[in-house]
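The next block holds one structure in the form of structure tokens; read it before the comments.
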Amino acid sequence: MGITARRRRLAAVALAAVAVLVGASACGDDKTANANGNITLTVDTFGQFGYTELYRQYMDSHPNIRIIERGTGSNLDEYSPKLTQWLATGKGAGDIVSIEEGLLVEYKANPNNFVNLLDYGAGDLKNNFMSWKWNQGLTADGKKLIGLGTDVGGMAMCYRRDLFAKAGLPTDRAEVSALWKTWDDYIAIGERFKAANTGASFLDGAPNMFNTILLQAAGNGSGYHYYDLDNKLVVDSNPAVKQAWDTAMKIIAAGITGKFPQWSTEWVTAFQKGSFATIACPAWMTGVISGNAGKDASGQWDIASVPGNGGNWGGSFLAVPTQSKHPREAYELAKFLTSPQGQIGAFKDKGPLPSSPQALDDTAIKDATNAYFNNAPVGQIFGAGAKSLKPVYMGPRNQAVRTEVENAVRTVELGQRTPDQGWQEAVANAKKAAAK
Amino acid sequence: MSLTLEREAAPAHRPPPPPIRARWSRWDIRVSPYLYIAPFFVIFAAFGAYPLGYTLWVSLHDWDLLADEHPFVGLANYRALVADADFWNSVVNTLGIFVIATVPQLLLALWLANLLNRRMRGRTLFRMGVLIPNITSTAAVAIIFGQLFARDFGLVNWLLGLVGVDGFDWRVSRIGSWIAIATMVDWRWTGYNALIYLAAMQAIPRDLYESAAIDGASQARQFWGITVPLLRPTIVFTVIISTIGGLQLFTEPLLFHSGTNPIRGGPLRESQTMTMYMFENAFQPNFNFGYGAAVAWMLFLFIIVASIVNVSFIRRVGRQR
């Protein structure tokens with residue numbers, strides 16, 4: 001055989017190999033639906049959505065659907081850049097993605113990245129949600145529905161019974177709730193706790209508590225915090241922001257925070273060692289606490305009402321990216337997960353509080369207790385105020401601005417800045433971040 | 001020789017090659033070398049040159065990562081960047097961490113290589129041992145060191161506590177976080193550089209040392225008079241590699257600051273490096289891809305400048321000796 005022939009044969013082989021590769025990659029694009037018509041749906045989450053059991057139910061009733069959840073337990077700071085990259089490159093996102101309330105506005109600004117759920121008949125689901133939660137999922141012109149609401153973050157205060165007992169404070173949740181009608185009461189109790197020298201600090205850290213106070217003040221007042229309803233940055237002129245700032249400064253001045261950087265590994269260790277006695281506790285935080293503090297602390301934690309009056313922190317949405325290969329099936333699954341029954345299931349698993357009034361009225365929620373939290377009646381504690389929750393409007397660069405202001409709280413907490421310097425930096429950096 | 005003869009002789013027994021075959025082989029000789037080196041250049045073009053050019057293109061736009069439209073803004077991103085105090089802070093941090101990591105690292109590597117170059121028991125074991133930190137994942141190293149340098153429950157603070165220093169917060173002290181991060185870098189890369197030095201040392205002819213010993217040169221004098229000058233090209237290589245790595249430092253400082261918004265590198269950006277600042281702007285929480293791309297290009301220019309400075313500095317030092 002001559003060289004030419006051999007070369008020709010090689011070329012043929014190479015061509016065949018290329019063809020196979022091309023064919024394979026073409027198949028690769030469609031691997032989510034195989035010959036039997038089976039479909040794999042990927043759900044991208046962060047933290048704990050509590051969907052494991054719901055997936056099983058759904059797969060039982062829809063034998064052609066397989067569900068994979070990614071990102072369970074991850075931090076929002078890890079998840080959100082990934083989601084942004086998937087959307088920007090048009091590849092990689094799951095068929096359903098979860099979006100946190102504070103970031104929703106930013107994603108909503110470019111609605112083409114997401115399927116308009118109204119096109120799939122989501123309009124019929126409106127009454128499944130509290131009206132403000134439903135409206136948050138709509139674009140500004142009300143023509144597109146980006147996300148279906150999952151949970152809301154009804155507010156409470158979680159505390160450690162053993163540390164309270166050690167400090168000579170009451171441990172019964174009704175008595176504890178009665179201790180702090182206002183934030184000033186809370187600080188006074190903190191000082192009493194500190195004087196008892198238990199070796200633990202009264203709260204974990206100032207920034208989260210600041211956010212709690214701010215959302216409460218904004219919800220009870222104007223209904224907005226960093227941005228007003230016209231999307232104008234009002235961080236330095238909104239009295240709610242300054243009021244929350246001043247209260248946080250009082251907490252810091254009292255020397256009752258543990259200065260643990262929230263969501264860090266040290267914070268998790270502090271949970272395990274029982275290094276602080278109270279923590280601001282939106283409903284979804286109960287899952288975080290039991291996850292971080294572990295089995296050993298079961299029964300040590302309990303839930304009291306939050307000082308001041310109510311408030312809402314967090315809550316998420318499920319959206320279907322335009323890049324999904326199976327938008328109809330993804331929508332059906334999202335509809336199931338956010339249905340009243342789905343929300344009840346998630347609540348039972350990991351504690352996120354339903355955003356559906358029907359679910360909140362259901363006895364499964366009303367009578368729910370949480371064994372980890374000394375059998376606290378979580379359904380009543382969180383559910384009672386949930387339907388009267390007043391939402392706080394989040395402006396276009398909410399997350400970046402919030403990061404700057406909370407960071408300024410932290411610099412004061414660490415003694416790097418005086419409260420006055422901290423406030424000036426908070427305002428200046430917030431303006432800079434908003435302009436970026 | 002005989003092989004060549006046979007080869008040359010062989011065609012004579014066959015019919016003359018058809019013209020197409022001659023053309024093939026001429027084509028073969030001319031083109032093949034390019035084909036052999038092509039994979040590198042194709043891959044470099046796809047994964048090196050193209051992203052570089054594309055980043056430059058992005059940096060000239062107001063590029064919101066999620067937006068459909070990206071208006072051209074010329075050099076506006078660069079103008080903003082030059083006036084951005086947070087950017088210059090990240091430059092200072094990067095250079096600071098680079099210096100306090102690299103200088104001790106390379107000296108230590110040189111010393112380690114010198115030790116490993118001696119006759120001793122279990123030499124191979126030790127030589128392989130110094131590379132172990134390098135093959136552990138950066139994430140694992142960062143997490144372990146993050147715990148060692150923790151404020152309340154960290155081993156380092158426990159040791160400091162024994163000598164009466166209490167509760168030092170490494171993460172919110174500029175110099176403290178620099179030292180902690182430099183320690184992680186050194187832990188990973190000292191052994192790697194030591195092995196490179198060792199390989200170069202073994203290429204130095206033994207008789208140089210022998211004659212030096214006969215002339216009465218001490219071990220130290222031999223080291224500085226023979227080993228170091230002959231290692232100069234290797235040292236230049238490691239310095240350049242460390243410079244590029246050091247200026248791109250990302251994983252260690254990021255994982256060192258766990259918790260809310262770790263990309264900031266501490267509440268006052270105590271140890272935010274340039275790559276972290278790039279990420280903060282391009283992705284969470286700012287999503288300003290154009291500005292992030294401008295940071296990336298500045299970083300690229302800095303690395304080129306730093307490498308040139310490094311090389312000329314090392315050359316000059318070498319010449320003086």
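Residues are referred to by chain and number: the chain letter is A, B, ... according to the order shown in the structure tokens, the number counts from 1 in that chain, and ligands are numbered separately from 1 in the order shown.
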
Using only C-alpha atoms, which residues sit within 10 Å of stretch 228-231 of chain A once same-chain residues fewer than 5 positions away are excluded, as JSON, numbers by chain?
-> {"A": [222, 223, 238, 392, 393, 394, 395, 396, 397, 398]}

Hey, can you spit out that residue selection with N, CA and C atoms as a PDB file, in the first residue's frame?
ATOM      1  N   SER A 222     -42.074  53.636  55.914  1.00  0.00           N
ATOM      2  CA  SER A 222     -42.315  54.049  54.535  1.00  0.00           C
ATOM      3  C   SER A 222     -42.450  52.880  53.561  1.00  0.00           C
ATOM      4  N   GLY A 223     -41.985  51.680  53.960  1.00  0.00           N
ATOM      5  CA  GLY A 223     -42.061  50.547  53.037  1.00  0.00           C
ATOM      6  C   GLY A 223     -40.862  50.444  52.123  1.00  0.00           C
ATOM      7  N   ASN A 238     -33.313  58.677  54.380  1.00  0.00           N
ATOM      8  CA  ASN A 238     -34.416  57.876  54.907  1.00  0.00           C
ATOM      9  C   ASN A 238     -34.230  57.714  56.420  1.00  0.00           C
ATOM     10  N   VAL A 392     -40.724  45.226  52.207  1.00  0.00           N
ATOM     11  CA  VAL A 392     -39.833  46.362  52.042  1.00  0.00           C
ATOM     12  C   VAL A 392     -39.378  46.377  50.587  1.00  0.00           C
ATOM     13  N   TYR A 393     -39.511  47.535  49.951  1.00  0.00           N
ATOM     14  CA  TYR A 393     -39.142  47.638  48.546  1.00  0.00           C
ATOM     15  C   TYR A 393     -37.621  47.600  48.395  1.00  0.00           C
ATOM     16  N   MET A 394     -37.133  46.825  47.438  1.00  0.00           N
ATOM     17  CA  MET A 394     -35.698  46.723  47.200  1.00  0.00           C
ATOM     18  C   MET A 394     -35.376  47.354  45.846  1.00  0.00           C
ATOM     19  N   GLY A 395     -34.476  48.321  45.850  1.00  0.00           N
ATOM     20  CA  GLY A 395     -34.144  49.044  44.624  1.00  0.00           C
ATOM     21  C   GLY A 395     -33.165  48.304  43.741  1.00  0.00           C
ATOM     22  N   PRO A 396     -32.789  48.933  42.630  1.00  0.00           N
ATOM     23  CA  PRO A 396     -32.015  48.234  41.602  1.00  0.00           C
ATOM     24  C   PRO A 396     -30.645  47.720  42.055  1.00  0.00           C
ATOM     25  N   ARG A 397     -29.924  48.472  42.887  1.00  0.00           N
ATOM     26  CA  ARG A 397     -28.589  48.016  43.284  1.00  0.00           C
ATOM     27  C   ARG A 397     -28.612  47.662  44.764  1.00  0.00           C
ATOM     28  N   ASN A 398     -29.738  47.097  45.198  1.00  0.00           N
ATOM     29  CA  ASN A 398     -29.946  46.841  46.610  1.00  0.00           C
ATOM     30  C   ASN A 398     -28.814  46.053  47.259  1.00  0.00           C
TER      31      ASN A 398
END

Can you list, as a VMD selection string, every protein, DNA or RNA residue that comes within 10 Å of A:Asp162 when you count only C-alpha atoms, leaving out same-chain residues fewer than 5 positions away?
-> chain A and resid 167 to 169 171 274 277 297 299 to 302

Selection file, N, CA, C and O atoms, as a PDB file, in the first residue's frame:
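Contents of the output file selection.pdb:
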ATOM      1  N   ALA A 167     -27.142  32.719  82.968  1.00  0.00           N
ATOM      2  CA  ALA A 167     -27.071  34.144  83.276  1.00  0.00           C
ATOM      3  C   ALA A 167     -28.172  34.577  84.235  1.00  0.00           C
ATOM      4  O   ALA A 167     -28.313  35.767  84.536  1.00  0.00           O
ATOM      5  N   GLY A 168     -28.980  33.607  84.698  1.00  0.00           N
ATOM      6  CA  GLY A 168     -30.046  33.940  85.638  1.00  0.00           C
ATOM      7  C   GLY A 168     -31.234  34.624  84.986  1.00  0.00           C
ATOM      8  O   GLY A 168     -32.018  35.303  85.647  1.00  0.00           O
ATOM      9  N   LEU A 169     -31.381  34.455  83.679  1.00  0.00           N
ATOM     10  CA  LEU A 169     -32.530  35.029  82.969  1.00  0.00           C
ATOM     11  C   LEU A 169     -33.597  33.950  82.812  1.00  0.00           C
ATOM     12  O   LEU A 169     -33.284  32.764  82.880  1.00  0.00           O
ATOM     13  N   THR A 171     -36.104  31.322  81.011  1.00  0.00           N
ATOM     14  CA  THR A 171     -35.855  30.519  79.825  1.00  0.00           C
ATOM     15  C   THR A 171     -37.139  30.231  79.058  1.00  0.00           C
ATOM     16  O   THR A 171     -37.086  29.816  77.913  1.00  0.00           O
ATOM     17  N   GLY A 274     -21.459  27.155  71.305  1.00  0.00           N
ATOM     18  CA  GLY A 274     -22.405  27.912  72.111  1.00  0.00           C
ATOM     19  C   GLY A 274     -21.825  29.232  72.574  1.00  0.00           C
ATOM     20  O   GLY A 274     -21.886  29.577  73.749  1.00  0.00           O
ATOM     21  N   ALA A 277     -25.705  33.931  72.668  1.00  0.00           N
ATOM     22  CA  ALA A 277     -26.967  33.505  73.266  1.00  0.00           C
ATOM     23  C   ALA A 277     -28.184  33.835  72.426  1.00  0.00           C
ATOM     24  O   ALA A 277     -29.212  33.184  72.551  1.00  0.00           O
ATOM     25  N   ALA A 297     -26.766  20.373  70.205  1.00  0.00           N
ATOM     26  CA  ALA A 297     -27.439  21.548  70.764  1.00  0.00           C
ATOM     27  C   ALA A 297     -28.955  21.431  70.664  1.00  0.00           C
ATOM     28  O   ALA A 297     -29.676  22.371  70.988  1.00  0.00           O
ATOM     29  N   GLY A 299     -32.636  21.090  71.456  1.00  0.00           N
ATOM     30  CA  GLY A 299     -33.334  21.359  72.706  1.00  0.00           C
ATOM     31  C   GLY A 299     -32.759  22.516  73.486  1.00  0.00           C
ATOM     32  O   GLY A 299     -33.384  23.016  74.423  1.00  0.00           O
ATOM     33  N   GLN A 300     -31.550  22.971  73.120  1.00  0.00           N
ATOM     34  CA  GLN A 300     -30.964  24.124  73.813  1.00  0.00           C
ATOM     35  C   GLN A 300     -31.491  25.437  73.242  1.00  0.00           C
ATOM     36  O   GLN A 300     -31.577  26.430  73.940  1.00  0.00           O
ATOM     37  N   TRP A 301     -31.784  25.422  71.942  1.00  0.00           N
ATOM     38  CA  TRP A 301     -32.288  26.635  71.308  1.00  0.00           C
ATOM     39  C   TRP A 301     -33.796  26.732  71.474  1.00  0.00           C
ATOM     40  O   TRP A 301     -34.487  25.719  71.563  1.00  0.00           O
ATOM     41  N   ASP A 302     -34.278  27.972  71.510  1.00  0.00           N
ATOM     42  CA  ASP A 302     -35.715  28.206  71.579  1.00  0.00           C
ATOM     43  C   ASP A 302     -36.004  29.496  70.820  1.00  0.00           C
ATOM     44  O   ASP A 302     -35.073  30.195  70.427  1.00  0.00           O
TER      45      ASP A 302
END

Go through chain B and flag each residue having an atom no more than 9 Å from chain A; for those, report the closest pair of atoms plus their distance in Å to one decimal, using only C-alpha atoms, ordered by chain and rising number, as a Markdown table.
| residue | atom | partner | partner_atom | distance |
| --- | --- | --- | --- | --- |
| B:Arg21 | CA | A:Thr4 | CA | 7.3 |
| B:Trp24 | CA | A:Thr4 | CA | 8.4 |
| B:Leu65 | CA | A:Ala88 | CA | 5.9 |
| B:Leu66 | CA | A:Ala88 | CA | 5.3 |
| B:Ala67 | CA | A:Asn110 | CA | 5.9 |
| B:Asp68 | CA | A:Asn110 | CA | 7.4 |
| B:Ile143 | CA | A:Thr265 | CA | 8.9 |
| B:Gly146 | CA | A:Thr265 | CA | 8.6 |
| B:Gln147 | CA | A:Glu266 | CA | 8.0 |
| B:Ala150 | CA | A:Glu266 | CA | 7.0 |
| B:Arg151 | CA | A:Glu266 | CA | 8.1 |
| B:Asp152 | CA | A:Glu266 | CA | 7.9 |
| B:Phe153 | CA | A:Glu266 | CA | 8.1 |
| B:Val172 | CA | A:Leu414 | CA | 8.1 |
| B:His257 | CA | A:Ser264 | CA | 7.6 |
| B:Ser258 | CA | A:Ser264 | CA | 4.6 |
| B:Gly259 | CA | A:Ser264 | CA | 3.4 |
| B:Thr260 | CA | A:Trp263 | CA | 5.7 |
| B:Asn261 | CA | A:Asp77 | CA | 6.4 |
| B:Pro262 | CA | A:Asp77 | CA | 8.3 |
| B:Pro267 | CA | A:Asn407 | CA | 5.9 |
| B:Leu268 | CA | A:Thr411 | CA | 7.2 |
| B:Asn281 | CA | A:Lys436 | CA | 8.3 |
| B:Phe283 | CA | A:Pro81 | CA | 5.6 |
| B:Gln284 | CA | A:Pro81 | CA | 5.3 |
| B:Pro285 | CA | A:Ala400 | CA | 5.2 |
| B:Asn286 | CA | A:Ala400 | CA | 6.2 |
| B:Phe287 | CA | A:Thr84 | CA | 8.0 |
| B:Asn288 | CA | A:Lys436 | CA | 6.9 |
| B:Tyr291 | CA | A:Lys436 | CA | 8.5 |

Check the DSSP output for the backbone and give back, as an MDAnalysis selection string, the residues of stretch 216-264 of chain B in helix (DSSP H, G or I).
-> chainID B and resid 219:230 232:247 251:256 262:264

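Separating atom CA of B:Ile263 from atom CA of B:Val295 is a distance of 14.7 Å.
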
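All residues of protein, DNA or RNA that reach within 8 Å of A:Gln272, judged by only C-alpha atoms and not counting those fewer than 5 positions away in the chain, are Asn292, Ala293, Gly294 and Ala297 of chain A.
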
With a distance cut-off of 12 Å and only C-alpha atoms, select the neighbouring residues of B:Phe168, excluding the residue or stretch itself and same-chain residues fewer than 3 positions from it, and output the selection as a list of chain:residue names.
->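 What passes the distance filter is A:Leu414, B:Phe149, B:Ala150, B:Arg151, B:Asp152, B:Phe153, B:Gly154, B:Leu155, B:Val156, B:Asn157, B:Trp158, B:Leu159, B:Leu160, B:Gly161, B:Gly164, B:Val165, B:Arg171, B:Val172, B:Ser173, B:Arg174, B:Ile175, B:Gly176, B:Ser177.
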
For B:Leu107, list every protein, DNA or RNA residue within 12 Å, evaluated using only C-alpha atoms, and leave out those in the same chain fewer than 6 positions away; present the list as a list of chain:residue names.
->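 Residues meeting the cut-off are B:Ile100, B:Ala101, B:Ala113, B:Asn114, B:Asp186, B:Trp189, B:Thr190, B:Gly191, B:Asn193, B:Ala194, B:Tyr197, B:Val228, B:Ile235, B:Thr238, B:Val239.
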
Contact residues around A:Trp180 with only C-alpha atoms at 12 Å, ignoring same-chain residues under 3 positions, as a list in words | Ala156, Met157, Pro170, Arg173, Ala174, Glu175, Val176, Ser177, Trp183, Asp184, Asp185, Tyr186, Ile187, Ala188, Ile189, Gly190, Ala304, Ser305, Val306, Pro307, Gly308 and Asn309 of chain A

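Using only C-alpha atoms, the protein and nucleic acid residues lying no more than 12 Å from A:Phe46, apart from those fewer than 3 places from it along its own chain, are Val43, Phe49, Gly50, Tyr51, Glu69, Arg70, Gly71, Thr72, Gly73, Ser74, Asn75, Leu76, Asp77, Glu78, Tyr79, Ser80, Pro81, Lys82, Leu83, Val97, Ser98, Ile99, Glu100, Trp284, Val288, Gly315, Ser316, Phe317 and Leu318 of chain A.
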
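With only C-alpha atoms as the atoms that count, the minimum distance from B:Met276 to the choices B:Phe250, B:Trp297, B:Phe41, B:Phe72 is reached by B:Phe250.
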
Between B:Ala200, B:Glu252, B:Val185, B:Ala212, smallest distance to B:Thr102 by only C-alpha atoms belongs to B:Val185

Counting only C-alpha atoms, the residue among B:Val141, B:Ile37, B:Leu95, B:Met201 that lies closest to B:Thr251 is B:Val141
